[in-house]
Amino acid sequence: MKLLVIGSGGREHALAWKLAQSPKVQSVFVAPGNGGTAVDPRLNNVPISDPRALADFVRKEKIVLTVVGPEAPLAGGVVDVFREQGLRIFGPTKAAAQLESSKAFAKAFMKRHKIPTADYETFTDAAKAHAYVDEHDAPIVIKADGLAAGKGVVVAMSLPQAHEAIDWMLTDNKLGVQHNEGGARVVIEQFLEGEEASFIVLCDGKHVVSLATSQDHKRLRDDDEGPNTGGMGAYSPAPVVTPNVHAKVMHEIIMPTIQGMAKDGAPFTGFLYAGLMIDSNGNPRTVEFNCRLGDPETQPIMMRLKSDLFDVLMHATDGTLDQVELKWDRRVALGVVMAAHGYPLDPRKGDVITGVPAEAADAVVFHAGTSLAGQDLVTAGGRVLCVTALGDSVRQAQQRAYEMLQGIRFDGAQYRRDIGHRAIKR
Ligand code: AMP
Ligand code: GLY
């Protein structure tokens with residue numbers, strides 16, 4: 001069988017790597033892919049991004065299943081295009097992807113279906129937004145409506161910061177947000193305290209199977225300092241998600257979401273990612289929904305998945321996820337992201353990367369922003385590599401990942417030295 005993965009990041013490398021391990025899979029195409037998927041003999045890069053051109057390619061190559069990695073093609077309706085043409089694809093429709101592509105849609109949906117989340121208001125008028133913030137005081141959270149590559153959220157610890165964020169989002173569009181219909185809009189919400197976790201499930205529209213839990217490190221520097229990024233490292237499982245918290249999340253957040261989307265006429269198919277804030281009493285609230293797998297959470301999650309992902313996704317696209325039970329490696333997996341000079345604001349491209357070690361049974365370097373320039377592997381994006389390892393404890397997985405990372409070199413490389421610190425302190 002031939003498969004297609006859409007995307008070019010570390011998440012897509014990990015998905016393609018895992019799918020290629022199925023004995024039923026002959027080859028996996030990755031569109032457009034990266035330097036890592038280019039050199040893996042089981043994977044083939046395809047330089048196509050237009051959804052209709054991708055559908056033509058799938059028909060020509062007789063590809064049986066397509067999996068979508070990032071949010072942009074989902075929000076653009078790639079699943080709708082494939083389905084209209086009778087092609088098998090795993091991901092949400094454009095309507096269902098609004099859970100991620102519009103914060104205002106997601107908040108109104110959660111309110112309507114009584115899904116726990118922070119209190120909020122939506123604004124298009126800057127003067128009203130400023131007045132609301134003055135009334136509620138800091139800390140307070142300002143979120144742009146629309147996709148913003150992870151940059152559309154400001155957690156304002158002071159009032160001036162909150163006012164500045166409103167001006168950025170409603171007046172200047174300094175963050176380059178892709179506005180939804182009706183133009184610039186912000187959601188202003190209550191600041192939540194607690195510990196974050198990533199809770200990702202597979203849905204076929206009706207049935208749900210949860211993946212192993214994980215935790216991401218969003219800030220650039222050690223000790224959770226510096227600007228927010230797409231994620232500087234992740235590990236799985238997340239100890240904060242105890243069996244009790246897990247049950248609450250399924251009962252109070254995931255199932256009401258799946259049932260609510262079906263009731264609202266946009267059944268959710270695909271990976272659903274609930275970003276959680278878990279308070280000190282173990283009560284989870286939804287910080288955000290993503291309509292896809294997390295990056296870099298996927299890299300450690302795929303390292304731990306023992307089941308055949310191809311079989312699982314065939315069930316997911318047949319509507320028979322109720323027949324699936326996932327098997328996991330009991331070990332911890334931990335991934336450390338190496339990012340380019342200048343990330344996240346202005347990542348430099350073209351730095352030569354050396355010393356990437358070969359894959360081992362317990363450690364894999366997944367590529368993200370890399371490409372081939374002649375014989376050289378060079379940086380080509382913000383997050384460059386995710387060095388991922390398995391170990392019997394968080395500490396051991398951490399040691400193994402950093403040991404692998406030591407030999408890898410490129411100018412200006414940035415990485416955190418404390419990935420997994422919350423789980424180690426527990
Ligand atoms: P989002 O894109 O909505 O996930 O927001 C990015 C990050 O901002 C989250 O991972 C949290 O760390 C933080 N954040 C978002 N909303 C809140 C909130 N209501 N309270 C506290 N932190 C938040
Ligand atoms: N790592 C966070 C995300 O994928 O949204």
# chains A, B, ... in the order shown; residues from 1 in each chain; ligands from 1
$ closest_atom_pairs --of "stretch 207-271 of chain A" --to "stretch 69-75 of chain A" --cutoff "12 Å" --atoms "only C-alpha atoms" --output "CSV"
residue,atom,partner,partner_atom,distance
A:Thr269,CA,A:Leu74,CA,11.3
A:Gly270,CA,A:Leu74,CA,10.1
A:Phe271,CA,A:Gly69,CA,9.3
$ residues_near_ligand --ligand "ligand 1" --cutoff "10 Å" --atoms "only C-alpha atoms and all ligand atoms" --output "JSON, numbers by chain"
{"A": [100, 103, 117, 118, 119, 120, 139, 140, 141, 142, 143, 144, 147, 148, 149, 150, 151, 152, 153, 154, 155, 156, 188, 189, 190, 191, 192, 193, 194, 195, 196, 197, 198, 216, 217, 218, 219, 228, 229, 230, 231, 274, 275, 276, 277, 285, 286, 287, 288, 289, 290]}
$ closest_residue --among "A:Leu313, A:Ile200, A:Leu15, A:Leu4" --to "ligand 2" --atoms "only C-alpha atoms and all ligand atoms"
A:Ile200
$ select_by_dssp --residues "stretch 39-283 of chain A" --states "strand (DSSP E)" --output "PyMOL selection string"
chain A and resi 43-45+65-68+89-90+120-123+140-144+153-156+186-190+195-204+208-210+215-216+219-221+225-228+233-236+269-278
$ write_last_selection --atoms "C-alpha atoms" --output "PDB file, in the first residue's frame"
ATOM      1  CA  LEU A  43       9.808   7.846   2.364  1.00  0.00           C
ATOM      2  CA  ASN A  44       9.465   9.992  -0.761  1.00  0.00           C
ATOM      3  CA  ASN A  45       9.045  13.759  -0.874  1.00  0.00           C
ATOM      4  CA  LEU A  65      -4.838   6.804   2.594  1.00  0.00           C
ATOM      5  CA  THR A  66      -3.828  10.416   3.173  1.00  0.00           C
ATOM      6  CA  VAL A  67      -3.100  11.876   6.620  1.00  0.00           C
ATOM      7  CA  VAL A  68      -2.937  15.639   7.195  1.00  0.00           C
ATOM      8  CA  ILE A  89      -8.240  11.043   4.064  1.00  0.00           C
ATOM      9  CA  PHE A  90      -7.900  11.382   7.831  1.00  0.00           C
ATOM     10  CA  TYR A 120     -14.328  35.225  28.065  1.00  0.00           C
ATOM     11  CA  GLU A 121     -15.738  37.959  25.827  1.00  0.00           C
ATOM     12  CA  THR A 122     -15.226  38.553  22.099  1.00  0.00           C
ATOM     13  CA  PHE A 123     -14.461  42.013  20.658  1.00  0.00           C
ATOM     14  CA  ILE A 140      -5.529  38.459  31.591  1.00  0.00           C
ATOM     15  CA  VAL A 141      -5.207  36.648  28.262  1.00  0.00           C
ATOM     16  CA  ILE A 142      -5.683  38.231  24.815  1.00  0.00           C
ATOM     17  CA  LYS A 143      -6.160  35.905  21.833  1.00  0.00           C
ATOM     18  CA  ALA A 144      -6.420  36.807  18.180  1.00  0.00           C
ATOM     19  CA  VAL A 153      -1.899  34.588  22.235  1.00  0.00           C
ATOM     20  CA  VAL A 154      -0.588  37.108  24.760  1.00  0.00           C
ATOM     21  CA  VAL A 155      -0.705  36.146  28.425  1.00  0.00           C
ATOM     22  CA  ALA A 156      -0.599  39.699  29.817  1.00  0.00           C
ATOM     23  CA  VAL A 186     -10.036  39.125  19.712  1.00  0.00           C
ATOM     24  CA  VAL A 187     -11.085  36.867  22.531  1.00  0.00           C
ATOM     25  CA  ILE A 188     -10.196  38.194  25.983  1.00  0.00           C
ATOM     26  CA  GLU A 189     -10.257  35.604  28.703  1.00  0.00           C
ATOM     27  CA  GLN A 190      -9.647  34.891  32.325  1.00  0.00           C
ATOM     28  CA  GLU A 195      -0.225  22.782  34.972  1.00  0.00           C
ATOM     29  CA  GLU A 196      -0.668  22.301  31.238  1.00  0.00           C
ATOM     30  CA  ALA A 197      -0.930  18.992  29.392  1.00  0.00           C
ATOM     31  CA  SER A 198      -1.652  17.919  25.845  1.00  0.00           C
ATOM     32  CA  PHE A 199      -4.526  15.481  25.507  1.00  0.00           C
ATOM     33  CA  ILE A 200      -4.869  14.101  21.996  1.00  0.00           C
ATOM     34  CA  VAL A 201      -7.478  11.661  20.707  1.00  0.00           C
ATOM     35  CA  LEU A 202      -8.409  10.021  17.422  1.00  0.00           C
ATOM     36  CA  CYS A 203     -12.039  10.477  16.343  1.00  0.00           C
ATOM     37  CA  ASP A 204     -14.036   8.915  13.538  1.00  0.00           C
ATOM     38  CA  VAL A 208     -12.886   8.152  20.292  1.00  0.00           C
ATOM     39  CA  VAL A 209      -9.557   6.521  21.132  1.00  0.00           C
ATOM     40  CA  SER A 210      -7.151   8.487  23.295  1.00  0.00           C
ATOM     41  CA  GLN A 215       3.466  17.701  27.865  1.00  0.00           C
ATOM     42  CA  ASP A 216       5.025  20.392  25.728  1.00  0.00           C
ATOM     43  CA  ARG A 219       8.857  28.893  26.089  1.00  0.00           C
ATOM     44  CA  LEU A 220      12.166  29.316  24.291  1.00  0.00           C
ATOM     45  CA  ARG A 221      14.503  29.192  27.264  1.00  0.00           C
ATOM     46  CA  GLU A 225      11.494  31.891  30.254  1.00  0.00           C
ATOM     47  CA  GLY A 226      11.634  33.806  27.000  1.00  0.00           C
ATOM     48  CA  PRO A 227       9.035  34.091  24.242  1.00  0.00           C
ATOM     49  CA  ASN A 228       6.404  31.480  23.371  1.00  0.00           C
ATOM     50  CA  GLY A 233      10.421  19.796  23.540  1.00  0.00           C
ATOM     51  CA  ALA A 234       7.903  17.282  24.843  1.00  0.00           C
ATOM     52  CA  TYR A 235       7.613  14.050  26.702  1.00  0.00           C
ATOM     53  CA  SER A 236       5.054  11.296  27.150  1.00  0.00           C
ATOM     54  CA  THR A 269     -13.030  13.229  12.244  1.00  0.00           C
ATOM     55  CA  GLY A 270      -9.282  13.390  12.743  1.00  0.00           C
ATOM     56  CA  PHE A 271      -6.895  14.040  15.598  1.00  0.00           C
ATOM     57  CA  LEU A 272      -8.409  16.300  18.249  1.00  0.00           C
ATOM     58  CA  TYR A 273      -5.953  17.977  20.595  1.00  0.00           C
ATOM     59  CA  ALA A 274      -7.255  19.548  23.779  1.00  0.00           C
ATOM     60  CA  GLY A 275      -4.693  21.828  25.412  1.00  0.00           C
ATOM     61  CA  LEU A 276      -5.529  21.530  29.107  1.00  0.00           C
ATOM     62  CA  MET A 277      -4.906  23.551  32.229  1.00  0.00           C
ATOM     63  CA  ILE A 278      -5.216  21.255  35.254  1.00  0.00           C
TER      64      ILE A 278
END
$ residues_around --residues "A:Leu305" --least-positions-apart "5" --cutoff "10 Å" --atoms "only C-alpha atoms" --output "list in words"
Lys18, Leu211, Ala212, Pro300, Leu326, Lys327, Trp328, Asp329 and Arg330 of chain A
$ closest_residue --among "A:Gln26, A:Gln85, A:Thr37, A:Ser393" --to "A:Arg59" --atoms "only C-alpha atoms"
A:Gln85
$ closest_residue --among "A:Val384, A:Ile48, A:Leu170, A:Ile115" --to "A:Gly342" --atoms "only C-alpha atoms"
A:Val384
$ residues_around --residues "A:His13" --least-positions-apart "6" --cutoff "10 Å" --atoms "only C-alpha atoms" --output "list in words"
Val5, Gly7, Leu19, Val30, Gly33, Asn34, Gly35, Gly36, Thr37, Ala38, Asp40, Leu43, Gly69, Thr298, Gln299, Val365, Phe366, His367 and Ala368 of chain A
$ write_last_selection --atoms "all heavy atoms" --output "short mmCIF file (atom, residue, chain, number, x, y, z; two decimals), in the first residue's frame"
data_model
loop_
_atom_site.label_atom_id
_atom_site.label_comp_id
_atom_site.auth_asym_id
_atom_site.auth_seq_id
_atom_site.Cartn_x
_atom_site.Cartn_y
_atom_site.Cartn_z
N VAL A 5 1.40 11.61 3.50
CA VAL A 5 1.32 12.48 4.67
C VAL A 5 1.50 13.91 4.17
O VAL A 5 2.47 14.20 3.45
CB VAL A 5 2.42 12.14 5.71
CG1 VAL A 5 2.47 13.17 6.82
CG2 VAL A 5 2.20 10.74 6.27
N GLY A 7 2.44 17.74 4.87
CA GLY A 7 3.14 18.59 5.83
C GLY A 7 4.65 18.46 5.70
O GLY A 7 5.15 17.67 4.89
N LEU A 19 4.22 5.17 10.14
CA LEU A 19 3.38 4.50 9.13
C LEU A 19 4.22 3.54 8.28
O LEU A 19 3.76 2.46 7.93
CB LEU A 19 2.69 5.54 8.23
CG LEU A 19 1.53 6.29 8.88
CD1 LEU A 19 1.16 7.51 8.04
CD2 LEU A 19 0.31 5.37 9.05
N VAL A 30 5.53 12.13 1.29
CA VAL A 30 5.36 13.26 2.21
C VAL A 30 5.36 14.54 1.37
O VAL A 30 6.29 14.77 0.59
CB VAL A 30 6.49 13.31 3.28
CG1 VAL A 30 6.15 14.34 4.35
CG2 VAL A 30 6.71 11.95 3.92
N GLY A 33 7.39 17.55 2.69
CA GLY A 33 8.47 16.86 3.39
C GLY A 33 9.63 17.77 3.73
O GLY A 33 9.55 18.99 3.57
N ASN A 34 10.72 17.16 4.24
CA ASN A 34 11.90 17.94 4.66
C ASN A 34 13.17 17.12 4.37
O ASN A 34 13.08 16.07 3.71
CB ASN A 34 11.78 18.31 6.15
CG ASN A 34 11.62 17.09 7.05
OD1 ASN A 34 12.25 16.05 6.82
ND2 ASN A 34 10.77 17.20 8.06
N GLY A 35 14.30 17.59 4.85
CA GLY A 35 15.57 16.92 4.57
C GLY A 35 15.62 15.50 5.12
O GLY A 35 16.26 14.62 4.54
N GLY A 36 14.95 15.28 6.25
CA GLY A 36 14.95 13.95 6.86
C GLY A 36 14.09 12.97 6.09
O GLY A 36 14.48 11.82 5.88
N THR A 37 12.92 13.42 5.64
CA THR A 37 12.07 12.51 4.87
C THR A 37 12.66 12.29 3.47
O THR A 37 12.38 11.29 2.84
CB THR A 37 10.62 13.06 4.78
OG1 THR A 37 10.63 14.39 4.27
CG2 THR A 37 9.96 13.09 6.16
N ALA A 38 13.51 13.23 3.03
CA ALA A 38 14.14 13.08 1.71
C ALA A 38 15.16 11.94 1.70
O ALA A 38 15.27 11.22 0.70
CB ALA A 38 14.84 14.38 1.30
N ASP A 40 15.35 9.26 3.89
CA ASP A 40 14.87 7.97 4.38
C ASP A 40 14.37 7.13 3.19
O ASP A 40 13.47 7.56 2.47
CB ASP A 40 13.73 8.20 5.38
CG ASP A 40 13.29 6.92 6.06
OD1 ASP A 40 13.30 5.85 5.40
OD2 ASP A 40 12.94 6.98 7.25
N LEU A 43 10.65 6.66 2.55
CA LEU A 43 9.81 7.85 2.36
C LEU A 43 10.19 8.56 1.07
O LEU A 43 11.34 8.50 0.63
CB LEU A 43 9.97 8.80 3.56
CG LEU A 43 9.88 8.17 4.96
CD1 LEU A 43 10.11 9.25 6.02
CD2 LEU A 43 8.54 7.49 5.18
N GLY A 69 -1.08 16.59 8.46
CA GLY A 69 -0.38 17.02 9.67
C GLY A 69 -0.81 18.38 10.18
O GLY A 69 -1.38 18.49 11.26
N THR A 298 3.94 14.83 19.02
CA THR A 298 3.82 13.63 18.17
C THR A 298 5.08 12.78 18.18
O THR A 298 5.00 11.55 18.12
CB THR A 298 3.51 14.07 16.72
OG1 THR A 298 2.33 14.86 16.76
CG2 THR A 298 3.28 12.87 15.81
N GLN A 299 6.24 13.45 18.23
CA GLN A 299 7.49 12.70 18.11
C GLN A 299 7.63 11.70 19.27
O GLN A 299 7.79 10.51 19.03
CB GLN A 299 8.68 13.67 18.01
CG GLN A 299 8.73 14.47 16.69
CD GLN A 299 7.89 15.73 16.67
OE1 GLN A 299 6.75 15.73 17.12
NE2 GLN A 299 8.42 16.81 16.12
N VAL A 365 16.28 10.85 15.56
CA VAL A 365 16.30 12.30 15.34
C VAL A 365 15.28 12.60 14.24
O VAL A 365 15.49 12.24 13.09
CB VAL A 365 17.70 12.79 14.93
CG1 VAL A 365 17.68 14.30 14.67
CG2 VAL A 365 18.73 12.45 16.00
N PHE A 366 14.17 13.22 14.62
CA PHE A 366 13.18 13.60 13.63
C PHE A 366 13.53 14.98 13.09
O PHE A 366 13.90 15.89 13.84
CB PHE A 366 11.77 13.61 14.24
CG PHE A 366 11.31 12.24 14.65
CD1 PHE A 366 11.19 11.89 15.99
CD2 PHE A 366 11.01 11.29 13.68
CE1 PHE A 366 10.76 10.62 16.36
CE2 PHE A 366 10.59 10.01 14.04
CZ PHE A 366 10.47 9.68 15.38
N HIS A 367 13.37 15.13 11.77
CA HIS A 367 13.69 16.42 11.14
C HIS A 367 12.46 17.30 11.04
O HIS A 367 11.34 16.80 10.92
CB HIS A 367 14.20 16.19 9.71
CG HIS A 367 15.56 15.57 9.64
ND1 HIS A 367 16.58 16.12 8.91
CD2 HIS A 367 16.05 14.45 10.21
CE1 HIS A 367 17.66 15.36 9.04
NE2 HIS A 367 17.37 14.33 9.82
N ALA A 368 12.67 18.61 11.06
CA ALA A 368 11.58 19.57 10.83
C ALA A 368 12.08 20.57 9.78
O ALA A 368 11.99 20.30 8.59
CB ALA A 368 11.18 20.23 12.13
#
